[in-house]
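> Dumping the structure here so I can ask a few things about it.
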Amino acid sequence: MSPQIHSARWWRRPVLRCAIVSLAVTSTMTVVLTPPGAVATAEAASTLGAAAAQSGRYFGAAVAGGKLSDSQYTTILNREFNSITAENEMKWDHTEPSRNNFTFGSADRIANHARSQNKQLRGHTLVWHSQLPDWVKAIRDANTLRGVMNNHINQVAGRYRGQIHSWDVVNEAFEDGGSGALRQSVFRDVLGNGFIEEAFRTARTADPAAKLCYNDYNIEDWNAAKTQGVYRLVRDFKARGVPIDCVGLQAHFGSGGAPGTFQTTLANFAALGVDVQLTELDIAQASPNAYAGTVRACLNVPRCTGITTWGVRDSDSWRGGENPLLFDRSGNKKPAYEAVLAALNGVSTGGPIQVGVNYRLVAQHSGKAADIANASTSAGAGLQQWAVSGGSNQQFDFLDAGGGYYRIRARHSGLVLQVASSSSGADVTQQADTNATAQQWRVTDHGNGTVSLVNRQSGLALDVWAASAADGARISQWTYTGNSNQRFQLQRP
């Protein structure tokens, strides 16, 4: 958590669209569908953690050990959340206040509570320039500091080895502003830019099972220099085999919620082969629309694996004067809570998709239909766009793949759409149905029968190559942007 709010992180986001839709079947009858994999309204999960778990995600809260004796606090915590982050208790000033003097009492209390309540535990944080004891800040010899840093990681991560879902290994290492560079800190100044890599390699050895995250604020806007700096770091680490498993976006937002490019940011990081997590979510004044939109952006990116709010009640928040959380000071659920719960319960609805119905997928930018080339019935035939013809090679139905995903089956061949690899630009072809993740697609509903389709294996979206309007333009997969060449109108033949 950053010690102060940064106004540059406050932007507006559109209102969440309804997740359960009504489809007009005739001019006189309307039915409300509960698509495959969805939880019917009567059976919808009634808590945040249970609702998130329907799609394999977590919904957690940052926890202060000293408040675990507050019965109202623990009642909400135990009931609503399936993940816990130690708010301060695992930071350096708490765990190693003087050299080699490790104190774990407060951190152990939180870890023990998580274990007793069968909740997963996030570790926060191993290396951070803030809440750092003066004795560490005073070190100026590189060998000494390297030894101190690695020993700290080994001792803290080692103590909780096998208990941590994800560690924020390095926190807030990039500076604000337009440079996209690392901030000044004792670690950067004495050890150089390589301290981040060393910290991650040490953490992997200390706890091989934990996911290793880089965590920061003001990296939610794809166009921000700071975001691009972190993106370059993660891309470099993945290319060189440096162990990194996830990026934590703190998501401290103003009253307007997430920036307009937020989902693009999540998708682009995910496309590098890492999970993304919203690690410290709070929104000034807790607008239901802003909260629901933020949650929906995560749900629309398959590798966005979980959300943590930074506190439980408004009275527990570091931004208490802005009432930014889902529970008020008396522990009551706020309207934003209901909006988030509805969004989480809608994750598997698939928008306007109805199983057993054939659709044309008409690209919004070109008005042309997704088409199996040459009406081939052979495995390996490619997907392209072509003028709408009414042919069965332009008709597809959706098969439930489980977990809110679908296979997309060509009517003329009985084969399903599959991506060739996890790379941007990879071909989409028809193949025999095996229900492999490369054949599974999540539906992102843009309203008015327009959807985007995101592949489960790659996290990339179905995309008309280079936004071409030409007949025969290849349809492949690309980083999700929500642009019109990634939007398809569902039309019944």
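Residues are referred to by chain and number: the chain letter is A, B, ... according to the order shown in the structure tokens, the number counts from 1 in that chain, and ligands are numbered separately from 1 in the order shown.
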Please, which residues of range 294-342 of chain A, numbered as in this document, come out strand (DSSP E) from DSSP, as a ChimeraX atom specification?

/A:304-309

> For Lys67 in chain A, work out the shell of residues within 12 Å, counting only C-alpha atoms and skipping chain neighbours fewer than 3 positions away, then give it as an mmCIF file with N, CA and C atoms, in the first residue's frame.


data_model
loop_
_atom_site.group_PDB
_atom_site.id
_atom_site.type_symbol
_atom_site.label_atom_id
_atom_site.label_comp_id
_atom_site.auth_asym_id
_atom_site.auth_seq_id
_atom_site.Cartn_x
_atom_site.Cartn_y
_atom_site.Cartn_z
ATOM 1 N N ALA A 62 -7.609 -7.225 3.158
ATOM 2 C CA ALA A 62 -6.428 -6.983 3.985
ATOM 3 C C ALA A 62 -6.869 -6.963 5.443
ATOM 4 N N VAL A 63 -6.090 -7.630 6.272
ATOM 5 C CA VAL A 63 -6.485 -7.847 7.664
ATOM 6 C C VAL A 63 -5.439 -7.277 8.602
ATOM 7 N N ALA A 64 -5.910 -6.571 9.622
ATOM 8 C CA ALA A 64 -5.052 -6.074 10.699
ATOM 9 C C ALA A 64 -5.159 -7.037 11.873
ATOM 10 N N ASP A 70 -12.042 -8.135 17.450
ATOM 11 C CA ASP A 70 -13.285 -7.402 17.221
ATOM 12 C C ASP A 70 -14.286 -8.375 16.603
ATOM 13 N N SER A 71 -15.333 -8.726 17.334
ATOM 14 C CA SER A 71 -16.240 -9.782 16.871
ATOM 15 C C SER A 71 -16.989 -9.387 15.601
ATOM 16 N N GLN A 72 -17.360 -8.104 15.477
ATOM 17 C CA GLN A 72 -18.040 -7.684 14.247
ATOM 18 C C GLN A 72 -17.108 -7.831 13.046
ATOM 19 N N TYR A 73 -15.876 -7.420 13.237
ATOM 20 C CA TYR A 73 -14.856 -7.499 12.185
ATOM 21 C C TYR A 73 -14.646 -8.948 11.753
ATOM 22 N N THR A 74 -14.438 -9.838 12.710
ATOM 23 C CA THR A 74 -14.144 -11.226 12.354
ATOM 24 C C THR A 74 -15.374 -11.940 11.799
ATOM 25 N N THR A 75 -16.560 -11.549 12.235
ATOM 26 C CA THR A 75 -17.778 -12.150 11.675
ATOM 27 C C THR A 75 -17.879 -11.869 10.186
ATOM 28 N N ILE A 76 -17.648 -10.603 9.807
ATOM 29 C CA ILE A 76 -17.683 -10.243 8.385
ATOM 30 C C ILE A 76 -16.559 -10.933 7.638
ATOM 31 N N LEU A 77 -15.360 -10.875 8.199
ATOM 32 C CA LEU A 77 -14.191 -11.472 7.552
ATOM 33 C C LEU A 77 -14.401 -12.959 7.292
ATOM 34 N N ALA A 86 -2.088 -9.987 4.949
ATOM 35 C CA ALA A 86 -1.629 -9.272 6.135
ATOM 36 C C ALA A 86 -1.388 -7.809 5.763
ATOM 37 N N GLU A 87 -2.115 -6.910 6.416
ATOM 38 C CA GLU A 87 -2.040 -5.506 6.031
ATOM 39 C C GLU A 87 -0.663 -4.911 6.299
ATOM 40 N N SER A 106 2.769 -11.170 15.364
ATOM 41 C CA SER A 106 1.582 -10.591 14.725
ATOM 42 C C SER A 106 1.281 -11.280 13.394
ATOM 43 N N ARG A 109 -0.265 -14.632 13.940
ATOM 44 C CA ARG A 109 -1.681 -14.556 14.336
ATOM 45 C C ARG A 109 -2.583 -14.527 13.095
ATOM 46 N N ILE A 110 -2.176 -13.756 12.104
ATOM 47 C CA ILE A 110 -2.968 -13.683 10.871
ATOM 48 C C ILE A 110 -2.889 -15.000 10.114
ATOM 49 N N HIS A 113 -5.057 -17.523 11.783
ATOM 50 C CA HIS A 113 -6.482 -17.274 11.555
ATOM 51 C C HIS A 113 -6.891 -17.751 10.161
ATOM 52 N N GLY A 311 -8.957 -3.649 3.381
ATOM 53 C CA GLY A 311 -9.709 -3.470 4.607
ATOM 54 C C GLY A 311 -11.077 -4.119 4.496
ATOM 55 N N VAL A 312 -11.791 -4.122 5.606
ATOM 56 C CA VAL A 312 -13.115 -4.752 5.665
ATOM 57 C C VAL A 312 -14.207 -3.690 5.710
ATOM 58 N N ARG A 313 -14.214 -2.844 6.730
ATOM 59 C CA ARG A 313 -15.217 -1.776 6.891
ATOM 60 C C ARG A 313 -14.574 -0.428 6.585
ATOM 61 N N SER A 315 -14.374 1.986 8.462
ATOM 62 C CA SER A 315 -13.605 2.403 9.644
ATOM 63 C C SER A 315 -12.233 1.743 9.700
ATOM 64 N N ASP A 316 -12.022 0.691 8.927
ATOM 65 C CA ASP A 316 -10.728 0.006 8.906
ATOM 66 C C ASP A 316 -9.813 0.523 7.811
#

> Extract, using only C-alpha atoms, all DNA, RNA and protein residues at most 7 Å from Asp207 in chain A, discarding same-chain residues fewer than 6 positions from it, and format them as an NGL selection string.

:A and (157-158 or 161-162)

> Just N, CA and C atoms for this one: save the residues we selected as a compact mmCIF listing (two decimals), in the first residue's frame.


# COMPACT_ATOMS: atom_id res chain seq x y z
N ALA A 157 9.87 -15.59 4.04
CA ALA A 157 9.18 -16.52 3.14
C ALA A 157 9.36 -17.97 3.60
N GLY A 158 10.54 -18.25 4.15
CA GLY A 158 10.79 -19.61 4.63
C GLY A 158 9.91 -19.98 5.80
N ARG A 161 6.61 -20.98 4.38
CA ARG A 161 6.74 -21.87 3.21
C ARG A 161 5.59 -22.86 3.17
N GLY A 162 4.94 -22.95 2.00
CA GLY A 162 3.82 -23.86 1.83
C GLY A 162 2.49 -23.34 2.32

> Between CA of Asp397 in chain A and CA of Asn358 in chain A, measure the distance and give it in Å to one decimal.

4.5 Å

> Quick one: residues within 12 Å of Ile139 in chain A, only C-alpha atoms counted, chain neighbours fewer than 2 positions away excluded, as a ChimeraX atom specification?

/A:99,132-137,141-149,185-187,189-191

> So that I can check the surroundings of Trp222 in chain A, please list as an NGL selection string every protein, DNA and RNA residue that reaches within 12 Å of it, counting only C-alpha atoms and ignoring chain neighbours fewer than 5 positions away.

:A and (9 or 227-231 or 249 or 258-269 or 481)

> Skipping near chain neighbours, those fewer than 3 positions away, what residues fall within 7 Å of range 449-459 of chain A using only C-alpha atoms, listed as a PDB file with C-alpha atoms, in the first residue's frame?


ATOM      1  CA  ALA A 267      -5.287  -8.506 -20.588  1.00  0.00           C
ATOM      2  CA  ALA A 270      -1.898 -11.672 -18.740  1.00  0.00           C
ATOM      3  CA  ALA A 271      -0.773 -12.178 -22.337  1.00  0.00           C
ATOM      4  CA  VAL A 301      -9.748 -11.580 -18.215  1.00  0.00           C
ATOM      5  CA  PRO A 302      -9.328 -15.303 -17.523  1.00  0.00           C
ATOM      6  CA  ARG A 303      -5.950 -14.846 -15.824  1.00  0.00           C
ATOM      7  CA  PRO A 352     -26.649 -13.335 -24.443  1.00  0.00           C
ATOM      8  CA  SER A 422      -0.823 -18.890 -26.782  1.00  0.00           C
ATOM      9  CA  THR A 437      -8.484 -25.153 -22.937  1.00  0.00           C
ATOM     10  CA  ALA A 438      -7.353 -24.019 -26.394  1.00  0.00           C
ATOM     11  CA  GLN A 440     -12.643 -22.859 -24.654  1.00  0.00           C
ATOM     12  CA  TRP A 441     -13.857 -19.273 -24.922  1.00  0.00           C
ATOM     13  CA  ARG A 442     -15.277 -16.814 -22.423  1.00  0.00           C
ATOM     14  CA  VAL A 443     -17.938 -14.413 -23.622  1.00  0.00           C
ATOM     15  CA  THR A 444     -17.549 -10.700 -22.845  1.00  0.00           C
ATOM     16  CA  ASP A 445     -20.937  -9.042 -23.345  1.00  0.00           C
ATOM     17  CA  HIS A 446     -20.859  -5.496 -24.768  1.00  0.00           C
ATOM     18  CA  LEU A 462     -10.748 -13.434 -31.349  1.00  0.00           C
ATOM     19  CA  GLN A 486     -12.762  -7.879 -31.702  1.00  0.00           C
ATOM     20  CA  ARG A 487     -16.521  -7.422 -31.372  1.00  0.00           C
ATOM     21  CA  PHE A 488     -18.985  -9.750 -33.060  1.00  0.00           C
ATOM     22  CA  GLN A 489     -22.730  -9.325 -33.421  1.00  0.00           C
ATOM     23  CA  LEU A 490     -24.688 -12.471 -32.662  1.00  0.00           C
TER      24      LEU A 490
END

> Hey, what does DSSP flag as alpha helix (DSSP H) within range 92-225 of chain A? Can you give it to me as number ranges by chain?

A: 92-95, 105-116, 134-137, 142-159, 186-191, 195-206, 225

> Using Å and a single decimal, report how far CA of Ser484 in chain A sits from CA of Ser468 in chain A.

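If I compute the distance from CA of Ser468 in chain A to CA of Ser484 in chain A, I get 10.9 Å.
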
> When you look at range 92-98 of chain A with a cut-off of 8 Å (counting only C-alpha atoms), what residues show up, excluding the ones that are within fewer than 6 positions of it in the same chain? I need them as a PyMOL selection string.

chain A and resi 104+107+125-128+131-133+135+152+156

> Quick one, how far is CA of Gly404 in chain A from CA of Ser55 in chain A?

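Here the two named atoms are 7.1 Å from each other.
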
> Using only C-alpha atoms, which of A:Asn154, A:Gln491, A:Gln431, A:Ser376 sits nearest Gln364 in chain A?

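Once distances to Gln364 in chain A are computed over only C-alpha atoms, the minimum belongs to A:Gln491.
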
> Between A:Asp168, A:Glu280, A:Asp216, A:Asp463, which is the closest to Ile244 in chain A once you count only C-alpha atoms?

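Among the listed residues, A:Asp168 lies closest to Ile244 in chain A.
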